[in-house]
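Participant: Pasting a structure below so you can have a look.
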Amino acid sequence: MNAKQVWNDLKTVRESSPLVHNITNYVVMNNTANALLAIGASPVMAHAGNEVIDMIKIASSLVINIGTLSDKWIDAMELAIRAANKKGIPIVIDPVGAGATPYRSESCLRLLSKANPTIIRANASEIMALENAAIKTKGVDSTASSDSAMDAAKSLAKKYKCIVTISGKTDHLTDGDKVISIEGGSDMMPKVTGLGCTATAITGAFAAVVEDKLQAAASAMAVMGIAAEMAEEKAEGPGTLQLYLLDAFYNMSKEDVEKYLK
Amino acid sequence: MNAKQVWNDLKTVRESSPLVHNITNYVVMNNTANALLAIGASPVMAHAGNEVIDMIKIASSLVINIGTLSDKWIDAMELAIRAANKKGIPIVIDPVGAGATPYRSESCLRLLSKANPTIIRANASEIMALENAAIKTKGVDSTASSDSAMDAAKSLAKKYKCIVTISGKTDHLTDGDKVISIEGGSDMMPKVTGLGCTATAITGAFAAVVEDKLQAAASAMAVMGIAAEMAEEKAEGPGTLQLYLLDAFYNMSKEDVEKYLK
Amino acid sequence: MNAKQVWNDLKTVRESSPLVHNITNYVVMNNTANALLAIGASPVMAHAGNEVIDMIKIASSLVINIGTLSDKWIDAMELAIRAANKKGIPIVIDPVGAGATPYRSESCLRLLSKANPTIIRANASEIMALENAAIKTKGVDSTASSDSAMDAAKSLAKKYKCIVTISGKTDHLTDGDKVISIEGGSDMMPKVTGLGCTATAITGAFAAVVEDKLQAAASAMAVMGIAAEMAEEKAEGPGTLQLYLLDAFYNMSKEDVEKYLK
């Protein structure tokens, strides 16, 4: 990763303050909105079928997160996705818990089949579940299943012509061919709920303003990792970590990017 | 503003601990409840059509916030509003995002037409959108549109016979004739999601126990600004600001009111 | 209370990391998830009728909290309860606001009648309201009403063959005969929204892995009180208290348990 590029992308987010339309889960709505504000973007949360199409008209990107999904919300996500595709703004999808229940996997596939997604961000097991489900629904036996999340990510990236971000101790991003890996973050991150959802939302902000979408996704994950390291230096546990993370998004300077980017 | 009056009103809230019934948005529910508790009020969140009328029976004021509106919630808001009007308790309305989509503007007008609102609290653009929508729906061309949010606020205050609070860097409140302006707060406030919603909820607490509703609204905004200044002295960013804000609501003394009130 | 037992139970939670399925209220979802993560458990929030039965298949306990109830959510809770009973995993119920409206009381009774609950955790007035409602619905006049929450708790414990936890300044737990009382906690706890809900969720984590359910409930409340005392030493108000509480769950050592347990 190139610190100068990450810093430039962050500056662009701050200067453009893109409106990111989130249809996300109840657990993380507050954190997501705060993370987007702290990074310099403008969040909007709206899920009513009556207004998502109008909201897309003023949005610069759409973030879809199925964490606490239900039929009505999936319907609204589909409406928003269609409107976003029509308008040509980036769509970032977070398939929270894909594989945990058939309903989650099927809802993901339903959304992805309409989405022309720009970026899918998930953890390794969700990516593998998604790829597995995609194979199964084609009637193809999954004996040829992926050896690893990276294989699954590449396959998904090719299938949906999108970027796939696998977040974890090391983040891996791919457009199906090229792979970018990013070190960083804090070991306490898995002890704070919804930091994956925060990464997805931040990705939505960068995707809104950075032309090269693989670069957008990579800069977002880099900023996430840098902020987590900055926060970890002050935090005494996962409770304080999440607050210092927001402070770090807000305060992150060029020097911080250079210092913490690996 | 008169520090003695603000302090007296705050003391009244703490001593009476009014039950404030909130039908609000998913993003801020937690913060709203915490702010009301910290200030000394008792929050209740309930939105089911099956119980809002019963909940109003034990409530001292009603706070309606359309942030993440949908048809079912608007229906429940309408039921609660009718019950609150019948009981004669104050109703505070926060028209979040009015003007952003037609659904928001129409829902606001629908609620306001039933509400006999006591106080409307919003930012400048929401107030102007609301006023504009109110004019349009009467079939009156809006070429005679307001020159500023203050004109729109006065017009709304007269139309609905209520107080209108415009929050911003400087807060302006009006009953249609008289105007109160309040300085204070922190520049980081717009970087924390839902502080406007917090102001609305706090306004609901003061409206429940302070007879003069313009004074109630003004004391609420003064306390909001004082708490933000107290919080800003400790905060290192928007993440920590929101926590210290709750601490400040809880700890605010007569001396703090005198020191920070402008 | 025995510090060694509490520490052993906490270690078991951390080592087993049980998946706790929560169907809870909008206000506390984030805090509940964070508390479960900080204590070492794995939270999942899912409420769609389409998936709760599947989610129970991978869960080690079920936590039901009616804080922001509505018909659809109560339906899903009932589905999850049936599945949890069939699978034989513990069910912890938090009857938030029982007694405040008839809808709440009736929904509680409806759920309890299906639940074979393992543990009910509530405050004194909710326990009394629940007991009162249970008596009334049997057509028995409540002139023989309980003299205290403890009597009501014992009666409920016998009626539903479960543990009842009454949380308050002192926590009291009973299986209908035996009573355990636990001192501790912070006076600021009632000024933070949803700490009762956190206690319920933590109880769900302990119930998932500790065989003796009265002991599980007692260890959970002990850990809650210890964490609150640890947090109170650093907190300057209810805002910071809730963050330090999460840090304390995460950092709590054997020495902390020995030092703070009364």
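Labels used: A, B, ... for chains in the order of the structure tokens, numbers from 1 for residues in each chain, and numbers from 1 for ligands as shown.
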Fit chain C to chain B, using all C-alpha atoms paired in sequence order for the least-squares superposition, and then show me the result as a CSV table (one decimal) with C-alpha atoms, in the first residue's frame.

Facilitator:
chain,number,residue,atom,x,y,z
C,1,MET,CA,-30.6,33.8,28.5
C,2,ASN,CA,-30.9,33.9,32.2
C,3,ALA,CA,-28.6,31.4,34.0
C,4,LYS,CA,-30.8,31.3,37.1
C,5,GLN,CA,-33.8,30.3,35.0
C,6,VAL,CA,-31.9,27.6,33.1
C,7,TRP,CA,-30.6,26.2,36.4
C,8,ASN,CA,-34.1,26.3,37.9
C,9,ASP,CA,-35.6,24.5,34.9
C,10,LEU,CA,-32.8,21.8,35.0
C,11,LYS,CA,-33.4,21.3,38.7
C,12,THR,CA,-37.2,20.9,38.0
C,13,VAL,CA,-36.4,18.2,35.4
C,14,ARG,CA,-34.2,16.4,37.9
C,15,GLU,CA,-36.7,16.6,40.7
C,16,SER,CA,-39.7,15.7,38.7
C,17,SER,CA,-38.0,13.1,36.5
C,18,PRO,CA,-40.8,13.2,33.9
C,19,LEU,CA,-41.6,10.1,31.8
C,20,VAL,CA,-40.8,11.1,28.2
C,21,HIS,CA,-42.4,8.8,25.6
C,22,ASN,CA,-40.2,8.6,22.5
C,23,ILE,CA,-41.2,7.3,19.2
C,24,THR,CA,-37.9,7.9,17.5
C,25,ASN,CA,-35.4,6.4,15.0
C,26,TYR,CA,-33.2,3.3,15.3
C,27,VAL,CA,-30.0,5.3,14.9
C,28,VAL,CA,-30.3,7.3,18.1
C,29,MET,CA,-32.6,5.3,20.4
C,30,ASN,CA,-29.7,4.4,22.7
C,31,ASN,CA,-28.2,7.9,22.9
C,32,THR,CA,-31.7,9.5,23.3
C,33,ALA,CA,-32.5,7.2,26.2
C,34,ASN,CA,-29.1,7.8,27.8
C,35,ALA,CA,-29.3,11.6,27.4
C,36,LEU,CA,-32.8,11.6,29.1
C,37,LEU,CA,-31.5,9.5,31.9
C,38,ALA,CA,-28.4,11.6,32.4
C,39,ILE,CA,-30.4,14.8,32.5
C,40,GLY,CA,-32.7,13.3,35.2
C,41,ALA,CA,-35.7,12.3,33.1
C,42,SER,CA,-37.2,8.9,32.5
C,43,PRO,CA,-37.3,7.7,28.9
C,44,VAL,CA,-39.6,5.1,27.5
C,45,MET,CA,-39.3,3.9,23.9
C,46,ALA,CA,-42.5,2.2,22.6
C,47,HIS,CA,-43.8,2.1,19.0
C,48,ALA,CA,-46.4,-0.7,18.8
C,49,GLY,CA,-49.8,0.4,17.8
C,50,ASN,CA,-51.1,-2.0,20.5
C,51,GLU,CA,-49.5,0.0,23.3
C,52,VAL,CA,-48.7,3.6,22.4
C,53,ILE,CA,-52.1,4.8,23.7
C,54,ASP,CA,-51.6,3.1,27.0
C,55,MET,CA,-48.1,4.4,27.3
C,56,ILE,CA,-49.3,7.9,26.8
C,57,LYS,CA,-51.4,7.4,29.9
C,58,ILE,CA,-48.3,7.3,32.1
C,59,ALA,CA,-46.2,9.8,30.1
C,60,SER,CA,-45.6,13.5,30.8
C,61,SER,CA,-44.6,14.3,27.2
C,62,LEU,CA,-44.3,12.8,23.8
C,63,VAL,CA,-41.3,13.1,21.5
C,64,ILE,CA,-41.9,12.2,17.8
C,65,ASN,CA,-38.8,11.8,15.6
C,66,ILE,CA,-39.2,10.5,12.0
C,67,GLY,CA,-35.5,9.7,11.4
C,68,THR,CA,-36.0,6.1,10.1
C,69,LEU,CA,-39.7,6.4,9.4
C,70,SER,CA,-42.0,3.8,7.8
C,71,ASP,CA,-45.7,3.5,7.4
C,72,LYS,CA,-46.3,1.4,10.5
C,73,TRP,CA,-44.3,3.8,12.6
C,74,ILE,CA,-46.0,6.9,11.3
C,75,ASP,CA,-49.4,5.2,12.1
C,76,ALA,CA,-48.2,4.6,15.6
C,77,MET,CA,-47.0,8.2,15.9
C,78,GLU,CA,-50.4,9.4,14.8
C,79,LEU,CA,-52.1,7.2,17.5
C,80,ALA,CA,-49.8,8.5,20.1
C,81,ILE,CA,-50.2,12.1,19.0
C,82,ARG,CA,-54.0,11.8,19.3
C,83,ALA,CA,-53.7,10.3,22.7
C,84,ALA,CA,-51.3,13.0,23.8
C,85,ASN,CA,-53.5,15.8,22.5
C,86,LYS,CA,-56.5,14.3,24.3
C,87,LYS,CA,-54.5,14.0,27.6
C,88,GLY,CA,-53.1,17.5,27.1
C,89,ILE,CA,-49.4,16.7,27.4
C,90,PRO,CA,-46.7,18.5,25.3
C,91,ILE,CA,-45.7,17.0,22.0
C,92,VAL,CA,-42.3,17.7,20.5
C,93,ILE,CA,-41.7,16.9,16.9
C,94,ASP,CA,-38.4,16.4,15.1
C,95,PRO,CA,-38.9,16.3,11.3
C,96,VAL,CA,-35.6,14.6,10.5
C,97,GLY,CA,-34.7,14.9,6.9
C,98,ALA,CA,-37.8,16.9,5.9
C,99,GLY,CA,-37.3,17.8,2.3
C,100,ALA,CA,-34.9,15.0,1.5
C,101,THR,CA,-37.7,12.9,0.1
C,102,PRO,CA,-41.3,13.6,-0.7
C,103,TYR,CA,-42.2,10.8,1.7
C,104,ARG,CA,-40.5,12.6,4.6
C,105,SER,CA,-42.1,15.9,3.8
C,106,GLU,CA,-45.6,14.4,3.4
C,107,SER,CA,-45.3,12.3,6.6
C,108,CYS,CA,-44.3,15.5,8.5
C,109,LEU,CA,-47.3,17.4,7.2
C,110,ARG,CA,-49.6,14.5,8.0
C,111,LEU,CA,-48.3,14.3,11.6
C,112,LEU,CA,-48.3,18.1,12.1
C,113,SER,CA,-51.8,18.4,10.8
C,114,LYS,CA,-52.9,16.1,13.7
C,115,ALA,CA,-50.4,17.1,16.3
C,116,ASN,CA,-51.2,20.4,17.8
C,117,PRO,CA,-47.4,20.4,18.3
C,118,THR,CA,-46.0,22.1,21.3
C,119,ILE,CA,-42.5,22.5,19.9
C,120,ILE,CA,-40.9,21.7,16.6
C,121,ARG,CA,-37.1,21.3,16.8
C,122,ALA,CA,-35.1,21.0,13.5
C,123,ASN,CA,-32.2,22.4,11.6
C,124,ALA,CA,-32.5,25.3,9.3
C,125,SER,CA,-32.9,23.3,6.1
C,126,GLU,CA,-35.6,21.1,7.6
C,127,ILE,CA,-37.5,24.1,8.9
C,128,MET,CA,-37.4,25.7,5.4
C,129,ALA,CA,-38.4,22.4,3.7
C,130,LEU,CA,-41.3,22.0,6.2
C,131,GLU,CA,-42.5,25.5,5.6
C,132,ASN,CA,-42.1,25.1,1.9
C,133,ALA,CA,-44.1,21.9,1.9
C,134,ALA,CA,-46.8,23.4,4.1
C,135,ILE,CA,-47.2,26.3,1.6
C,136,LYS,CA,-47.2,24.0,-1.4
C,137,THR,CA,-49.9,21.7,0.0
C,138,LYS,CA,-52.2,24.6,0.5
C,139,GLY,CA,-52.0,25.1,-3.3
C,140,VAL,CA,-50.1,28.4,-2.7
C,141,ASP,CA,-47.2,29.0,-5.0
C,142,SER,CA,-44.0,29.2,-3.0
C,143,THR,CA,-42.7,32.2,-4.9
C,144,ALA,CA,-43.4,34.0,-1.7
C,145,SER,CA,-40.9,31.6,-0.1
C,146,SER,CA,-39.1,32.5,3.1
C,147,ASP,CA,-35.9,34.5,2.9
C,148,SER,CA,-34.4,32.6,5.7
C,149,ALA,CA,-35.1,29.8,8.2
C,150,MET,CA,-36.1,32.4,10.7
C,151,ASP,CA,-39.0,33.6,8.5
C,152,ALA,CA,-40.0,30.0,7.9
C,153,ALA,CA,-39.8,29.3,11.6
C,154,LYS,CA,-42.0,32.2,12.5
C,155,SER,CA,-44.5,31.2,9.8
C,156,LEU,CA,-44.6,27.6,11.1
C,157,ALA,CA,-44.9,28.8,14.7
C,158,LYS,CA,-47.9,30.9,13.7
C,159,LYS,CA,-49.5,28.2,11.5
C,160,TYR,CA,-49.2,25.5,14.2
C,161,LYS,CA,-49.4,27.8,17.2
C,162,CYS,CA,-46.3,26.3,18.6
C,163,ILE,CA,-42.7,27.0,19.4
C,164,VAL,CA,-40.1,26.4,16.7
C,165,THR,CA,-36.4,25.7,17.6
C,166,ILE,CA,-33.9,26.0,14.8
C,167,SER,CA,-30.7,24.5,16.0
C,168,GLY,CA,-27.3,25.3,14.5
C,169,LYS,CA,-24.1,27.1,15.4
C,170,THR,CA,-26.4,29.6,17.0
C,171,ASP,CA,-29.8,28.3,18.1
C,172,HIS,CA,-32.9,30.4,17.4
C,173,LEU,CA,-36.2,29.9,19.0
C,174,THR,CA,-39.5,31.6,18.3
C,175,ASP,CA,-43.2,31.5,19.2
C,176,GLY,CA,-44.0,33.3,16.0
C,177,ASP,CA,-43.3,36.8,17.4
C,178,LYS,CA,-40.6,36.7,20.1
C,179,VAL,CA,-37.2,35.3,19.2
C,180,ILE,CA,-34.5,33.9,21.6
C,181,SER,CA,-31.0,33.2,20.3
C,182,ILE,CA,-28.5,31.0,22.1
C,183,GLU,CA,-24.8,30.8,21.5
C,184,GLY,CA,-22.7,27.8,22.6
C,185,GLY,CA,-22.0,24.2,21.8
C,186,SER,CA,-19.0,22.6,20.1
C,187,ASP,CA,-17.9,22.6,16.5
C,188,MET,CA,-17.6,18.9,16.7
C,189,MET,CA,-21.3,18.4,17.3
C,190,PRO,CA,-22.2,17.9,13.6
C,191,LYS,CA,-19.7,15.1,13.6
C,192,VAL,CA,-21.7,13.1,16.1
C,193,THR,CA,-24.8,11.5,14.8
C,194,GLY,CA,-28.1,12.3,16.4
C,195,LEU,CA,-27.2,15.3,18.6
C,196,GLY,CA,-30.1,17.1,17.1
C,197,CYS,CA,-32.3,14.2,18.1
C,198,THR,CA,-30.8,14.4,21.6
C,199,ALA,CA,-31.7,18.1,21.7
C,200,THR,CA,-35.3,17.2,20.7
C,201,ALA,CA,-35.6,14.6,23.4
C,202,ILE,CA,-34.1,16.9,26.1
C,203,THR,CA,-36.6,19.5,24.9
C,204,GLY,CA,-39.3,16.9,25.6
C,205,ALA,CA,-38.1,16.6,29.1
C,206,PHE,CA,-38.1,20.3,29.8
C,207,ALA,CA,-41.5,20.8,28.1
C,208,ALA,CA,-43.0,18.2,30.4
C,209,VAL,CA,-42.2,20.3,33.5
C,210,VAL,CA,-41.8,23.9,32.5
C,211,GLU,CA,-45.0,25.8,32.1
C,212,ASP,CA,-43.8,28.5,29.6
C,213,LYS,CA,-43.0,26.4,26.5
C,214,LEU,CA,-40.7,28.9,24.9
C,215,GLN,CA,-38.7,29.0,28.1
C,216,ALA,CA,-38.7,25.2,28.2
C,217,ALA,CA,-37.4,24.9,24.7
C,218,ALA,CA,-34.8,27.6,25.4
C,219,SER,CA,-33.6,26.0,28.7
C,220,ALA,CA,-33.2,22.7,26.9
C,221,MET,CA,-31.1,24.2,24.1
C,222,ALA,CA,-29.0,26.1,26.7
C,223,VAL,CA,-28.3,22.9,28.7
C,224,MET,CA,-27.4,21.2,25.4
C,225,GLY,CA,-24.9,23.9,24.5
C,226,ILE,CA,-23.5,24.0,28.0
C,227,ALA,CA,-23.0,20.2,28.1
C,228,ALA,CA,-21.3,20.3,24.7
C,229,GLU,CA,-18.8,22.9,25.9
C,230,MET,CA,-18.1,20.9,29.0
C,231,ALA,CA,-17.7,17.8,26.9
C,232,GLU,CA,-15.5,19.5,24.4
C,233,GLU,CA,-12.9,20.4,27.1
C,234,LYS,CA,-12.2,16.7,27.6
C,235,ALA,CA,-13.0,15.2,24.2
C,236,GLU,CA,-10.3,14.4,21.7
C,237,GLY,CA,-12.7,13.8,18.9
C,238,PRO,CA,-16.4,13.1,18.2
C,239,GLY,CA,-16.2,9.6,19.7
C,240,THR,CA,-15.3,10.7,23.1
C,241,LEU,CA,-17.4,13.9,22.8
C,242,GLN,CA,-20.6,12.0,22.9
C,243,LEU,CA,-19.7,10.1,26.1
C,244,TYR,CA,-18.5,13.2,27.9
C,245,LEU,CA,-21.7,14.9,26.8
C,246,LEU,CA,-23.7,12.3,28.8
C,247,ASP,CA,-21.3,12.8,31.8
C,248,ALA,CA,-21.9,16.6,31.5
C,249,PHE,CA,-25.7,16.2,31.5
C,250,TYR,CA,-25.3,14.2,34.7
C,251,ASN,CA,-22.8,16.4,36.5
C,252,MET,CA,-23.9,19.9,35.4
C,253,SER,CA,-23.9,22.2,38.4
C,254,LYS,CA,-25.3,25.7,39.0
C,255,GLU,CA,-21.7,26.9,38.6
C,256,ASP,CA,-21.4,25.1,35.3
C,257,VAL,CA,-24.5,26.8,34.0
C,258,GLU,CA,-23.3,30.2,35.2
C,259,LYS,CA,-19.8,29.6,33.7
C,260,TYR,CA,-20.8,28.3,30.3
C,261,LEU,CA,-24.0,30.1,29.5
C,262,LYS,CA,-23.5,32.9,27.1

Participant: Using DSSP assignments from the backbone, pull out every residue in segment 62-94 of chain C that falls under strand (DSSP E) and give it to me as JSON, numbers by chain.

Facilitator: {"C": [62, 63, 64, 65, 91, 92, 93, 94]}

Participant: Could you write out, as number ranges by chain, all the residues of segment 13-104 of chain B that DSSP marks as helix (DSSP H, G or I)?

Facilitator: B: 13-16, 29-39, 52-58, 71-87, 102-104
